[in-house]
$ cat final-v9.cif   # mmCIF, C-alpha atoms
data_query
loop_
_atom_site.group_PDB
_atom_site.id
_atom_site.type_symbol
_atom_site.label_atom_id
_atom_site.label_comp_id
_atom_site.auth_asym_id
_atom_site.auth_seq_id
_atom_site.Cartn_x
_atom_site.Cartn_y
_atom_site.Cartn_z
ATOM 1 C CA GLY J 1 -35.212 21.214 74.437
ATOM 2 C CA MET J 2 -34.665 21.179 78.170
ATOM 3 C CA GLN J 3 -31.997 18.931 79.578
ATOM 4 C CA PRO J 4 -33.561 16.049 81.568
ATOM 5 C CA SER J 5 -33.138 16.219 85.340
ATOM 6 C CA GLU J 6 -30.114 14.308 86.675
ATOM 7 C CA ASP J 7 -32.235 12.054 88.897
ATOM 8 C CA SER J 8 -34.946 11.238 86.342
ATOM 9 C CA GLN J 9 -36.095 7.608 86.531
ATOM 10 C CA SER J 10 -36.711 7.459 82.779
ATOM 11 C CA LEU J 11 -34.295 5.272 80.822
ATOM 12 C CA LEU J 12 -34.507 7.602 77.806
ATOM 13 C CA ASP J 13 -33.637 10.603 79.977
ATOM 14 C CA GLN J 14 -30.632 8.796 81.402
ATOM 15 C CA ILE J 15 -29.334 7.798 77.956
ATOM 16 C CA GLU J 16 -29.858 11.397 76.811
ATOM 17 C CA LEU J 17 -27.929 12.688 79.872
ATOM 18 C CA TYR J 18 -25.127 10.222 79.267
ATOM 19 C CA LYS J 19 -24.954 11.253 75.596
ATOM 20 C CA LEU J 20 -24.874 14.972 76.498
ATOM 21 C CA ALA J 21 -22.068 14.376 78.980
ATOM 22 C CA ARG J 22 -19.990 12.428 76.478
ATOM 23 C CA PRO J 23 -18.259 15.399 74.801
ATOM 24 C CA ASN J 24 -16.743 16.329 78.198
ATOM 25 C CA LYS J 25 -15.608 12.820 79.126
ATOM 26 C CA VAL J 26 -11.933 11.957 78.833
ATOM 27 C CA ARG J 27 -11.149 8.571 77.331
ATOM 28 C CA ASN J 28 -7.665 7.250 76.430
ATOM 29 C CA GLY J 29 -6.357 10.680 77.381
ATOM 30 C CA LYS J 30 -8.552 12.317 74.736
ATOM 31 C CA LYS J 31 -11.402 14.638 75.570
ATOM 32 C CA GLY J 32 -14.538 14.529 73.491
ATOM 33 C CA VAL J 33 -16.097 11.963 71.259
ATOM 34 C CA SER J 34 -16.609 11.359 67.551
ATOM 35 C CA SER J 35 -19.835 12.328 65.814
ATOM 36 C CA GLY J 36 -20.250 8.608 65.072
ATOM 37 C CA THR J 37 -20.533 7.832 68.791
ATOM 38 C CA ILE J 38 -23.209 10.482 69.296
ATOM 39 C CA ARG J 39 -25.081 9.191 66.242
ATOM 40 C CA ASN J 40 -24.856 5.714 67.733
ATOM 41 C CA TYR J 41 -26.630 6.907 70.931
ATOM 42 C CA ASN J 42 -29.238 8.829 68.925
ATOM 43 C CA THR J 43 -30.049 5.636 67.006
ATOM 44 C CA THR J 44 -30.544 3.724 70.261
ATOM 45 C CA ILE J 45 -32.743 6.515 71.635
ATOM 46 C CA SER J 46 -34.988 6.550 68.570
ATOM 47 C CA ARG J 47 -35.394 2.746 68.628
ATOM 48 C CA LEU J 48 -36.295 2.823 72.328
ATOM 49 C CA LYS J 49 -38.878 5.569 71.678
ATOM 50 C CA LYS J 50 -40.466 3.270 69.103
ATOM 51 C CA PHE J 51 -40.321 0.365 71.565
ATOM 52 C CA GLU J 52 -42.079 2.480 74.220
ATOM 53 C CA ALA J 53 -44.725 3.669 71.748
ATOM 54 C CA ASP J 54 -45.438 0.211 70.336
ATOM 55 C CA LYS J 55 -45.724 -1.342 73.788
ATOM 56 C CA SER J 56 -47.389 1.726 75.409
ATOM 57 C CA ILE J 57 -44.935 1.772 78.283
ATOM 58 C CA LYS J 58 -42.409 4.185 79.737
ATOM 59 C CA LEU J 59 -39.129 2.468 80.540
ATOM 60 C CA GLU J 60 -37.935 3.274 84.057
ATOM 61 C CA LEU J 61 -34.434 2.545 85.349
ATOM 62 C CA ASN J 62 -35.621 -0.168 87.717
ATOM 63 C CA SER J 63 -37.410 -2.021 84.883
ATOM 64 C CA ILE J 64 -34.212 -2.584 82.906
ATOM 65 C CA ASN J 65 -33.888 -6.242 83.870
ATOM 66 C CA LEU J 66 -33.435 -9.581 82.128
ATOM 67 C CA SER J 67 -37.018 -9.734 80.956
ATOM 68 C CA PHE J 68 -36.603 -6.307 79.291
ATOM 69 C CA HIS J 69 -33.387 -7.659 77.738
ATOM 70 C CA ASP J 70 -35.289 -10.581 76.187
ATOM 71 C CA ASP J 71 -38.204 -8.380 75.079
ATOM 72 C CA TYR J 72 -35.882 -5.918 73.377
ATOM 73 C CA LEU J 73 -33.998 -8.710 71.617
ATOM 74 C CA GLN J 74 -37.236 -10.091 70.196
ATOM 75 C CA TYR J 75 -38.524 -6.639 69.312
ATOM 76 C CA GLY J 76 -35.293 -5.658 67.573
ATOM 77 C CA THR J 77 -35.242 -8.868 65.568
ATOM 78 C CA ASN J 78 -38.919 -9.238 64.691
ATOM 79 C CA ASP J 79 -40.342 -5.698 64.667
ATOM 80 C CA LEU J 80 -37.342 -3.623 63.612
ATOM 81 C CA GLY J 81 -35.663 -6.295 61.467
ATOM 82 C CA LEU J 82 -32.269 -5.537 62.995
ATOM 83 C CA ALA J 83 -29.125 -7.607 62.770
ATOM 84 C CA LEU J 84 -27.875 -9.005 66.092
ATOM 85 C CA ASN J 85 -24.879 -6.681 66.069
ATOM 86 C CA SER J 86 -27.201 -3.642 65.890
ATOM 87 C CA ILE J 87 -29.297 -4.877 68.809
ATOM 88 C CA GLY J 88 -26.036 -5.554 70.633
ATOM 89 C CA LYS J 89 -25.004 -1.894 70.212
ATOM 90 C CA ASP J 90 -28.306 -0.774 71.750
ATOM 91 C CA ILE J 91 -27.930 -3.161 74.702
ATOM 92 C CA ARG J 92 -24.396 -1.893 75.315
ATOM 93 C CA ASN J 93 -25.545 1.744 75.170
ATOM 94 C CA ILE J 94 -28.443 1.031 77.558
ATOM 95 C CA LYS J 95 -26.189 -0.777 79.999
ATOM 96 C CA THR J 96 -23.504 1.938 79.891
ATOM 97 C CA ALA J 97 -26.016 4.734 80.536
ATOM 98 C CA CYS J 98 -27.646 2.800 83.413
ATOM 99 C CA LEU J 99 -24.294 2.059 85.060
ATOM 100 C CA ASP J 100 -23.403 5.736 84.693
ATOM 101 C CA ALA J 101 -26.663 6.640 86.495
ATOM 102 C CA LYS J 102 -25.772 4.100 89.190
ATOM 103 C CA ASP J 103 -22.367 5.785 89.620
ATOM 104 C CA ARG J 104 -24.244 9.011 90.238
ATOM 105 C CA GLY J 105 -26.214 7.381 93.069
ATOM 106 C CA LEU J 106 -29.408 6.289 91.290
ATOM 107 C CA GLU J 107 -30.976 2.880 91.861
ATOM 108 C CA VAL J 108 -30.782 0.475 88.933
ATOM 109 C CA ASN J 109 -32.029 -3.077 88.609
ATOM 110 C CA PRO J 110 -29.471 -5.558 90.009
ATOM 111 C CA GLN J 111 -30.082 -7.858 87.006
ATOM 112 C CA LEU J 112 -28.322 -5.255 84.849
ATOM 113 C CA SER J 113 -25.024 -6.627 86.170
ATOM 114 C CA SER J 114 -25.921 -10.214 85.307
ATOM 115 C CA ARG J 115 -23.734 -12.023 82.797
ATOM 116 C CA LYS J 116 -26.943 -12.761 80.881
ATOM 117 C CA PHE J 117 -27.570 -9.046 80.341
ATOM 118 C CA SER J 118 -25.087 -9.119 77.508
ATOM 119 C CA ALA J 119 -24.898 -7.740 73.999
ATOM 120 C CA PRO J 120 -25.676 -10.358 71.361
ATOM 121 C CA SER J 121 -23.387 -10.458 68.340
ATOM 122 C CA GLU J 122 -22.754 -12.582 65.317
ATOM 123 C CA LYS J 123 -19.466 -13.333 63.653
ATOM 124 C CA THR J 124 -18.855 -11.333 60.530
ATOM 125 C CA ILE J 125 -16.691 -13.024 57.945
ATOM 126 C CA PHE J 126 -14.603 -10.234 56.473
ATOM 127 C CA THR J 127 -13.413 -10.154 52.920
ATOM 128 C CA THR J 128 -10.040 -8.702 52.035
ATOM 129 C CA LEU J 129 -8.600 -7.562 48.744
ATOM 130 C CA ASN J 130 -5.336 -9.385 48.085
ATOM 131 C CA GLU J 131 -2.499 -8.217 45.831
ATOM 132 C CA ASP J 132 -4.071 -9.988 42.864
ATOM 133 C CA ASP J 133 -7.428 -8.193 43.367
ATOM 134 C CA LEU J 134 -5.666 -4.859 43.806
ATOM 135 C CA THR J 135 -3.813 -5.375 40.514
ATOM 136 C CA LYS J 136 -7.167 -5.961 38.755
ATOM 137 C CA LEU J 137 -8.572 -2.813 40.356
ATOM 138 C CA LYS J 138 -5.531 -0.800 39.286
ATOM 139 C CA SER J 139 -6.144 -1.547 35.613
ATOM 140 C CA PHE J 140 -9.891 -0.771 35.867
ATOM 141 C CA LYS J 141 -11.061 1.835 33.348
ATOM 142 C CA GLY J 142 -14.414 3.562 33.681
ATOM 143 C CA SER J 143 -16.227 6.841 34.187
ATOM 144 C CA ASN J 144 -14.478 9.594 36.032
ATOM 145 C CA TYR J 145 -16.464 9.191 39.281
ATOM 146 C CA LEU J 146 -15.747 5.454 39.356
ATOM 147 C CA GLU J 147 -12.024 5.892 38.752
ATOM 148 C CA ASN J 148 -12.052 8.529 41.503
ATOM 149 C CA ALA J 149 -13.629 6.030 43.932
ATOM 150 C CA ARG J 150 -11.224 3.320 42.724
ATOM 151 C CA ASP J 151 -8.275 5.570 43.583
ATOM 152 C CA TRP J 152 -9.705 6.056 47.085
ATOM 153 C CA LEU J 153 -10.158 2.295 47.416
ATOM 154 C CA LEU J 154 -6.488 1.691 46.579
ATOM 155 C CA ILE J 155 -5.350 4.444 48.949
ATOM 156 C CA GLY J 156 -7.626 2.993 51.642
ATOM 157 C CA CYS J 157 -6.161 -0.484 51.253
ATOM 158 C CA TRP J 158 -2.588 0.813 51.450
ATOM 159 C CA THR J 159 -3.146 3.199 54.363
ATOM 160 C CA GLY J 160 -5.755 1.368 56.459
ATOM 161 C CA CYS J 161 -7.695 4.603 57.093
ATOM 162 C CA ARG J 162 -11.295 4.491 58.260
ATOM 163 C CA VAL J 163 -13.512 5.996 55.570
ATOM 164 C CA GLY J 164 -14.062 9.307 57.432
ATOM 165 C CA ASP J 165 -10.308 9.829 57.867
ATOM 166 C CA LEU J 166 -9.650 8.658 54.312
ATOM 167 C CA MET J 167 -11.875 11.325 52.743
ATOM 168 C CA ASN J 168 -10.136 14.006 54.833
ATOM 169 C CA LEU J 169 -6.649 13.258 53.488
ATOM 170 C CA ALA J 170 -4.937 16.130 51.688
ATOM 171 C CA MET J 171 -1.443 16.873 50.425
ATOM 172 C CA SER J 172 -0.656 18.446 53.789
ATOM 173 C CA ASN J 173 -0.825 14.905 55.248
ATOM 174 C CA VAL J 174 2.146 13.846 53.121
ATOM 175 C CA VAL J 175 5.261 14.310 55.217
ATOM 176 C CA LYS J 176 8.854 13.874 54.064
ATOM 177 C CA HIS J 177 10.586 11.522 56.460
ATOM 178 C CA SER J 178 13.984 11.416 54.762
ATOM 179 C CA GLU J 179 15.482 11.863 51.278
ATOM 180 C CA ASP J 180 13.673 8.903 49.737
ATOM 181 C CA VAL J 181 10.884 8.168 52.216
ATOM 182 C CA SER J 182 7.595 10.017 52.574
ATOM 183 C CA LEU J 183 4.829 9.140 55.009
ATOM 184 C CA ILE J 184 1.139 9.829 55.261
ATOM 185 C CA GLN J 185 0.523 11.356 58.672
ATOM 186 C CA TYR J 186 -2.962 11.944 60.061
ATOM 187 C CA THR J 187 -4.905 12.023 63.318
ATOM 188 C CA GLN J 188 -7.561 9.326 63.640
ATOM 189 C CA SER J 189 -10.931 10.947 64.368
ATOM 190 C CA LYS J 190 -12.098 7.920 66.356
ATOM 191 C CA THR J 191 -9.099 7.614 68.688
ATOM 192 C CA GLY J 192 -7.368 11.000 68.473
ATOM 193 C CA LYS J 193 -4.089 9.164 67.772
ATOM 194 C CA LEU J 194 -1.506 10.474 65.338
ATOM 195 C CA VAL J 195 -0.632 7.778 62.796
ATOM 196 C CA ASN J 196 2.235 7.543 60.314
ATOM 197 C CA VAL J 197 1.943 5.163 57.373
ATOM 198 C CA PRO J 198 4.630 4.541 54.764
ATOM 199 C CA ILE J 199 3.462 5.617 51.287
ATOM 200 C CA HIS J 200 2.961 2.579 49.078
ATOM 201 C CA SER J 201 4.049 2.832 45.425
ATOM 202 C CA ASP J 202 0.402 2.545 44.237
ATOM 203 C CA VAL J 203 -0.519 5.533 46.398
ATOM 204 C CA LYS J 204 2.507 7.496 45.167
ATOM 205 C CA GLU J 205 1.442 6.783 41.587
ATOM 206 C CA ILE J 206 -2.074 8.135 42.218
ATOM 207 C CA LEU J 207 -0.791 11.282 43.952
ATOM 208 C CA GLU J 208 1.628 11.945 41.098
ATOM 209 C CA LYS J 209 -1.056 11.353 38.469
ATOM 210 C CA LEU J 210 -3.556 13.697 40.153
ATOM 211 C CA GLU J 211 -1.014 16.021 41.796
ATOM 212 C CA ASP J 212 -3.405 15.692 44.735
ATOM 213 C CA PHE J 213 -5.648 13.228 46.542
ATOM 214 C CA PRO J 214 -8.813 12.122 44.726
ATOM 215 C CA ARG J 215 -12.045 14.117 45.074
ATOM 216 C CA PRO J 216 -13.696 13.375 48.458
ATOM 217 C CA ILE J 217 -17.075 11.600 48.302
ATOM 218 C CA SER J 218 -19.576 10.495 50.951
ATOM 219 C CA ALA J 219 -19.160 7.155 52.710
ATOM 220 C CA ALA J 220 -22.470 5.985 51.194
ATOM 221 C CA LYS J 221 -21.310 6.740 47.650
ATOM 222 C CA PHE J 222 -17.925 5.178 48.348
ATOM 223 C CA ASN J 223 -19.585 1.954 49.542
ATOM 224 C CA LYS J 224 -21.845 1.884 46.503
ATOM 225 C CA TYR J 225 -19.199 2.675 43.875
ATOM 226 C CA ILE J 226 -16.550 0.256 45.123
ATOM 227 C CA LYS J 227 -18.978 -2.646 44.635
ATOM 228 C CA GLU J 228 -19.679 -1.549 41.069
ATOM 229 C CA ILE J 229 -15.959 -1.104 40.347
ATOM 230 C CA SER J 230 -15.063 -4.488 41.852
ATOM 231 C CA GLN J 231 -17.739 -6.178 39.749
ATOM 232 C CA LYS J 232 -16.557 -4.480 36.546
ATOM 233 C CA ALA J 233 -12.911 -5.217 37.394
ATOM 234 C CA GLY J 234 -13.814 -8.915 37.402
ATOM 235 C CA LEU J 235 -13.906 -9.803 41.123
ATOM 236 C CA THR J 236 -16.740 -12.185 40.380
ATOM 237 C CA HIS J 237 -15.491 -15.494 41.805
ATOM 238 C CA LEU J 238 -17.493 -16.994 44.665
ATOM 239 C CA VAL J 239 -16.203 -16.545 48.208
ATOM 240 C CA HIS J 240 -17.600 -17.245 51.659
ATOM 241 C CA GLY J 241 -18.431 -14.035 53.470
ATOM 242 C CA THR J 242 -20.918 -11.722 55.159
ATOM 243 C CA ARG J 243 -22.806 -8.919 53.462
ATOM 244 C CA GLN J 244 -25.736 -6.675 54.173
ATOM 245 C CA ASN J 245 -28.697 -7.732 52.080
ATOM 246 C CA PRO J 246 -29.453 -4.707 49.839
ATOM 247 C CA LYS J 247 -33.237 -5.219 50.194
ATOM 248 C CA THR J 248 -33.728 -6.256 53.833
ATOM 249 C CA HIS J 249 -30.561 -4.554 55.171
ATOM 250 C CA ARG J 250 -29.961 -7.602 57.328
ATOM 251 C CA LYS J 251 -26.650 -9.367 57.571
ATOM 252 C CA GLU J 252 -26.325 -12.638 55.759
ATOM 253 C CA THR J 253 -23.427 -15.062 55.571
ATOM 254 C CA GLY J 254 -22.942 -17.427 52.673
ATOM 255 C CA MET J 255 -21.323 -17.782 49.250
ATOM 256 C CA PHE J 256 -21.315 -14.567 47.221
ATOM 257 C CA GLU J 257 -19.468 -13.117 44.271
ATOM 258 C CA LYS J 258 -16.531 -11.288 45.798
ATOM 259 C CA TRP J 259 -17.605 -7.787 44.639
ATOM 260 C CA GLU J 260 -20.815 -8.059 46.690
ATOM 261 C CA LEU J 261 -18.753 -8.296 49.885
ATOM 262 C CA ILE J 262 -16.624 -5.191 49.337
ATOM 263 C CA ARG J 263 -17.322 -2.217 51.612
ATOM 264 C CA SER J 264 -15.325 0.618 53.109
ATOM 265 C CA HIS J 265 -14.127 -1.484 56.055
ATOM 266 C CA THR J 266 -12.544 -3.861 53.528
ATOM 267 C CA CYS J 267 -9.741 -1.276 53.286
ATOM 268 C CA ARG J 268 -8.723 -1.644 56.937
ATOM 269 C CA ARG J 269 -8.874 -5.435 56.864
ATOM 270 C CA SER J 270 -6.870 -5.562 53.662
ATOM 271 C CA PHE J 271 -4.248 -3.190 55.029
ATOM 272 C CA ALA J 272 -3.707 -5.385 58.090
ATOM 273 C CA THR J 273 -3.713 -8.655 56.156
ATOM 274 C CA ASN J 274 -1.522 -7.533 53.247
ATOM 275 C CA HIS J 275 1.075 -5.921 55.520
ATOM 276 C CA TYR J 276 1.277 -8.790 57.986
ATOM 277 C CA ASN J 277 4.836 -10.222 57.925
ATOM 278 C CA LYS J 278 5.901 -7.304 55.676
ATOM 279 C CA LEU J 279 5.710 -4.401 58.136
ATOM 280 C CA PRO J 280 6.552 -4.652 61.849
ATOM 281 C CA ASN J 281 3.429 -5.524 63.879
ATOM 282 C CA LYS J 282 3.934 -2.320 65.838
ATOM 283 C CA ILE J 283 3.302 -0.212 62.717
ATOM 284 C CA ILE J 284 0.241 -2.222 61.699
ATOM 285 C CA MET J 285 -1.107 -1.969 65.252
ATOM 286 C CA ALA J 286 -0.629 1.805 65.232
ATOM 287 C CA VAL J 287 -2.885 2.000 62.179
ATOM 288 C CA THR J 288 -5.499 -0.533 63.263
ATOM 289 C CA GLY J 289 -5.457 0.743 66.842
ATOM 290 C CA HIS J 290 -4.987 -2.687 68.407
ATOM 291 C CA ALA J 291 -3.342 -2.697 71.807
ATOM 292 C CA THR J 292 -1.903 -6.211 71.683
ATOM 293 C CA GLU J 293 -0.527 -8.533 69.001
ATOM 294 C CA LYS J 294 -3.195 -11.051 70.039
ATOM 295 C CA MET J 295 -5.950 -8.566 69.134
ATOM 296 C CA LEU J 296 -4.286 -7.892 65.798
ATOM 297 C CA LEU J 297 -4.087 -11.618 65.054
ATOM 298 C CA ASN J 298 -7.787 -12.039 65.880
ATOM 299 C CA TYR J 299 -8.536 -9.181 63.533
ATOM 300 C CA ILE J 300 -6.728 -10.670 60.575
#
$ encode --input "final-v9.cif" --output "structure tokens"
Amino acid sequence: GMQPSEDSQSLLDQIELYKLARPNKVRNGKKGVSSGTIRNYNTTISRLKKFEADKSIKLELNSINLSFHDDYLQYGTNDLGLALNSIGKDIRNIKTACLDAKDRGLEVNPQLSSRKFSAPSEKTIFTTLNEDDLTKLKSFKGSNYLENARDWLLIGCWTGCRVGDLMNLAMSNVVKHSEDVSLIQYTQSKTGKLVNVPIHSDVKEILEKLEDFPRPISAAKFNKYIKEISQKAGLTHLVHGTRQNPKTHRKETGMFEKWELIRSHTCRRSFATNHYNKLPNKIIMAVTGHATEKMLLNYI
């Protein structure tokens, strides 16, 4: 379709303009933006279209005030059944696009800058796989596709890759550092940073067994299979954590069998936690992308 006019008063137009300009923006010295970020804006746009349709209104820049903030929070919770963190993403995207419009000389509502116009969030209690769990997973036997996903899970926990980067790993990412040390070297799609991770013996074992990395699978399949594997490998003890309810897709925190709490992000958390005090913080921070030791400590 046509690109909206730069000075349009419509909120949706301004978010669309901001999204279209994103691939040319430079952030952290890197031009462009991951497909995940664009998807994130598209999700916000489609929710706002629904909001406009259900309330028979057109959102204008000057109407993005605290009462809109409260309305959208209620709508997101009650009508769309969203978790607070999802609504928070939308609020952040709305605010960012409006402030961008303001930078370009358009009038926005002064309440946008209020401390109360903030993104709601809820604490997620993350589950990590400790050495004991990883040993159970290593001895798991099952169908080919499950063992394939299990191998990815182990590699993920020992490299700390995000799932998109994980599934892109190939033998060309294995770099000889010296006689007896090889590293996995890859560029993070989210940050554009080049990362080097020492190859853990479990990972080496998998690469030698397969003479390659496992077969790539989608993030959705990965998330599904690793729960099944963890259950079959006996990670059935109760732990306190947060999961997405499979039926309502809303976040819930409570006591669950450990396998229910395993998802692709478990890999990154486990990497940071299991390497803490074993690898220099600098190396862990390079993988997790944290700028300060304080941020890393909060993370783990």
$ closest_residue --input "final-v9.cif" --among "J:Tyr145, J:Tyr225, J:Trp158, J:Phe51" --to "Asn78 (chain J)" --atoms "all atoms listed in the file"
J:Phe51
$ closest_residue --input "final-v9.cif" --among "J:Ser189, J:Asn40, J:Ser113, J:Gln9" --to "Ala101 (chain J)" --atoms "all atoms listed in the file"
J:Gln9
$ resolve_selection --input "final-v9.cif" --expression "the PyMOL selection byres ((chain J and resi 215) around 12)" --output "JSON, numbers by chain"
{"J": [144, 145, 146, 147, 148, 149, 150, 151, 152, 166, 167, 168, 169, 170, 206, 207, 210, 211, 212, 213, 214, 216, 217, 218, 222]}
$ atom_distance --input "final-v9.cif" --atom1 "CA of Ser63 (chain J)" --atom2 "CA of Tyr41 (chain J)"
19.8 Å
$ resolve_selection --input "final-v9.cif" --expression "the PyMOL selection byres ((chain J and resi 266) around 8)" --output "PyMOL selection string"
chain J and resi 126-129+157+262-265+267-270
$ build_atoms --input "final-v9.cif" --residues "region 240-248 of chain J" --atoms "all heavy atoms" --output "PDB file, in the frame of the given file"
ATOM      1  N   HIS J 240     -16.762 -17.144  50.477  1.00  0.00           N
ATOM      2  CA  HIS J 240     -17.600 -17.245  51.659  1.00  0.00           C
ATOM      3  C   HIS J 240     -17.447 -15.948  52.445  1.00  0.00           C
ATOM      4  O   HIS J 240     -16.336 -15.541  52.746  1.00  0.00           O
ATOM      5  CB  HIS J 240     -17.133 -18.437  52.499  1.00  0.00           C
ATOM      6  CG  HIS J 240     -18.071 -18.782  53.602  1.00  0.00           C
ATOM      7  ND1 HIS J 240     -17.678 -18.884  54.916  1.00  0.00           N
ATOM      8  CD2 HIS J 240     -19.400 -19.038  53.586  1.00  0.00           C
ATOM      9  CE1 HIS J 240     -18.736 -19.186  55.661  1.00  0.00           C
ATOM     10  NE2 HIS J 240     -19.788 -19.291  54.877  1.00  0.00           N
ATOM     11  N   GLY J 241     -18.556 -15.292  52.743  1.00  0.00           N
ATOM     12  CA  GLY J 241     -18.431 -14.035  53.470  1.00  0.00           C
ATOM     13  C   GLY J 241     -19.761 -13.520  53.978  1.00  0.00           C
ATOM     14  O   GLY J 241     -20.797 -14.176  53.829  1.00  0.00           O
ATOM     15  N   THR J 242     -19.720 -12.336  54.584  1.00  0.00           N
ATOM     16  CA  THR J 242     -20.918 -11.722  55.159  1.00  0.00           C
ATOM     17  C   THR J 242     -21.186 -10.427  54.420  1.00  0.00           C
ATOM     18  O   THR J 242     -20.274  -9.645  54.166  1.00  0.00           O
ATOM     19  CB  THR J 242     -20.685 -11.394  56.652  1.00  0.00           C
ATOM     20  OG1 THR J 242     -20.238 -12.573  57.304  1.00  0.00           O
ATOM     21  CG2 THR J 242     -21.967 -10.899  57.312  1.00  0.00           C
ATOM     22  N   ARG J 243     -22.454 -10.207  54.083  1.00  0.00           N
ATOM     23  CA  ARG J 243     -22.806  -8.919  53.462  1.00  0.00           C
ATOM     24  C   ARG J 243     -24.130  -8.447  54.047  1.00  0.00           C
ATOM     25  O   ARG J 243     -24.847  -9.204  54.705  1.00  0.00           O
ATOM     26  CB  ARG J 243     -22.930  -9.070  51.955  1.00  0.00           C
ATOM     27  CG  ARG J 243     -24.146  -9.889  51.564  1.00  0.00           C
ATOM     28  CD  ARG J 243     -24.603  -9.594  50.154  1.00  0.00           C
ATOM     29  NE  ARG J 243     -25.961 -10.131  49.964  1.00  0.00           N
ATOM     30  CZ  ARG J 243     -26.640 -10.027  48.838  1.00  0.00           C
ATOM     31  NH1 ARG J 243     -26.111  -9.423  47.804  1.00  0.00           N
ATOM     32  NH2 ARG J 243     -27.859 -10.526  48.738  1.00  0.00           N
ATOM     33  N   GLN J 244     -24.430  -7.179  53.793  1.00  0.00           N
ATOM     34  CA  GLN J 244     -25.736  -6.675  54.173  1.00  0.00           C
ATOM     35  C   GLN J 244     -26.636  -6.858  52.969  1.00  0.00           C
ATOM     36  O   GLN J 244     -26.301  -6.431  51.869  1.00  0.00           O
ATOM     37  CB  GLN J 244     -25.628  -5.191  54.541  1.00  0.00           C
ATOM     38  CG  GLN J 244     -26.824  -4.699  55.298  1.00  0.00           C
ATOM     39  CD  GLN J 244     -26.789  -3.182  55.524  1.00  0.00           C
ATOM     40  OE1 GLN J 244     -26.320  -2.441  54.676  1.00  0.00           O
ATOM     41  NE2 GLN J 244     -27.281  -2.746  56.648  1.00  0.00           N
ATOM     42  N   ASN J 245     -27.767  -7.525  53.184  1.00  0.00           N
ATOM     43  CA  ASN J 245     -28.697  -7.732  52.080  1.00  0.00           C
ATOM     44  C   ASN J 245     -29.231  -6.364  51.628  1.00  0.00           C
ATOM     45  O   ASN J 245     -29.769  -5.615  52.433  1.00  0.00           O
ATOM     46  CB  ASN J 245     -29.839  -8.627  52.546  1.00  0.00           C
ATOM     47  CG  ASN J 245     -30.837  -8.897  51.431  1.00  0.00           C
ATOM     48  OD1 ASN J 245     -31.387  -7.979  50.842  1.00  0.00           O
ATOM     49  ND2 ASN J 245     -31.065 -10.159  51.156  1.00  0.00           N
ATOM     50  N   PRO J 246     -29.068  -6.047  50.306  1.00  0.00           N
ATOM     51  CA  PRO J 246     -29.453  -4.707  49.839  1.00  0.00           C
ATOM     52  C   PRO J 246     -30.948  -4.409  50.036  1.00  0.00           C
ATOM     53  O   PRO J 246     -31.342  -3.266  50.168  1.00  0.00           O
ATOM     54  CB  PRO J 246     -29.085  -4.722  48.356  1.00  0.00           C
ATOM     55  CG  PRO J 246     -28.619  -6.079  48.026  1.00  0.00           C
ATOM     56  CD  PRO J 246     -28.469  -6.870  49.281  1.00  0.00           C
ATOM     57  N   LYS J 247     -31.800  -5.450  50.043  1.00  0.00           N
ATOM     58  CA  LYS J 247     -33.237  -5.219  50.194  1.00  0.00           C
ATOM     59  C   LYS J 247     -33.667  -5.170  51.662  1.00  0.00           C
ATOM     60  O   LYS J 247     -34.352  -4.258  52.092  1.00  0.00           O
ATOM     61  CB  LYS J 247     -34.026  -6.305  49.447  1.00  0.00           C
ATOM     62  CG  LYS J 247     -33.876  -6.182  47.930  1.00  0.00           C
ATOM     63  CD  LYS J 247     -34.984  -6.919  47.193  1.00  0.00           C
ATOM     64  CE  LYS J 247     -34.858  -6.731  45.684  1.00  0.00           C
ATOM     65  NZ  LYS J 247     -33.574  -7.254  45.152  1.00  0.00           N
ATOM     66  N   THR J 248     -33.243  -6.185  52.438  1.00  0.00           N
ATOM     67  CA  THR J 248     -33.728  -6.256  53.833  1.00  0.00           C
ATOM     68  C   THR J 248     -32.789  -5.536  54.792  1.00  0.00           C
ATOM     69  O   THR J 248     -33.132  -5.313  55.949  1.00  0.00           O
ATOM     70  CB  THR J 248     -33.830  -7.720  54.289  1.00  0.00           C
ATOM     71  OG1 THR J 248     -32.506  -8.278  54.288  1.00  0.00           O
ATOM     72  CG2 THR J 248     -34.710  -8.535  53.359  1.00  0.00           C
TER      73      THR J 248
END
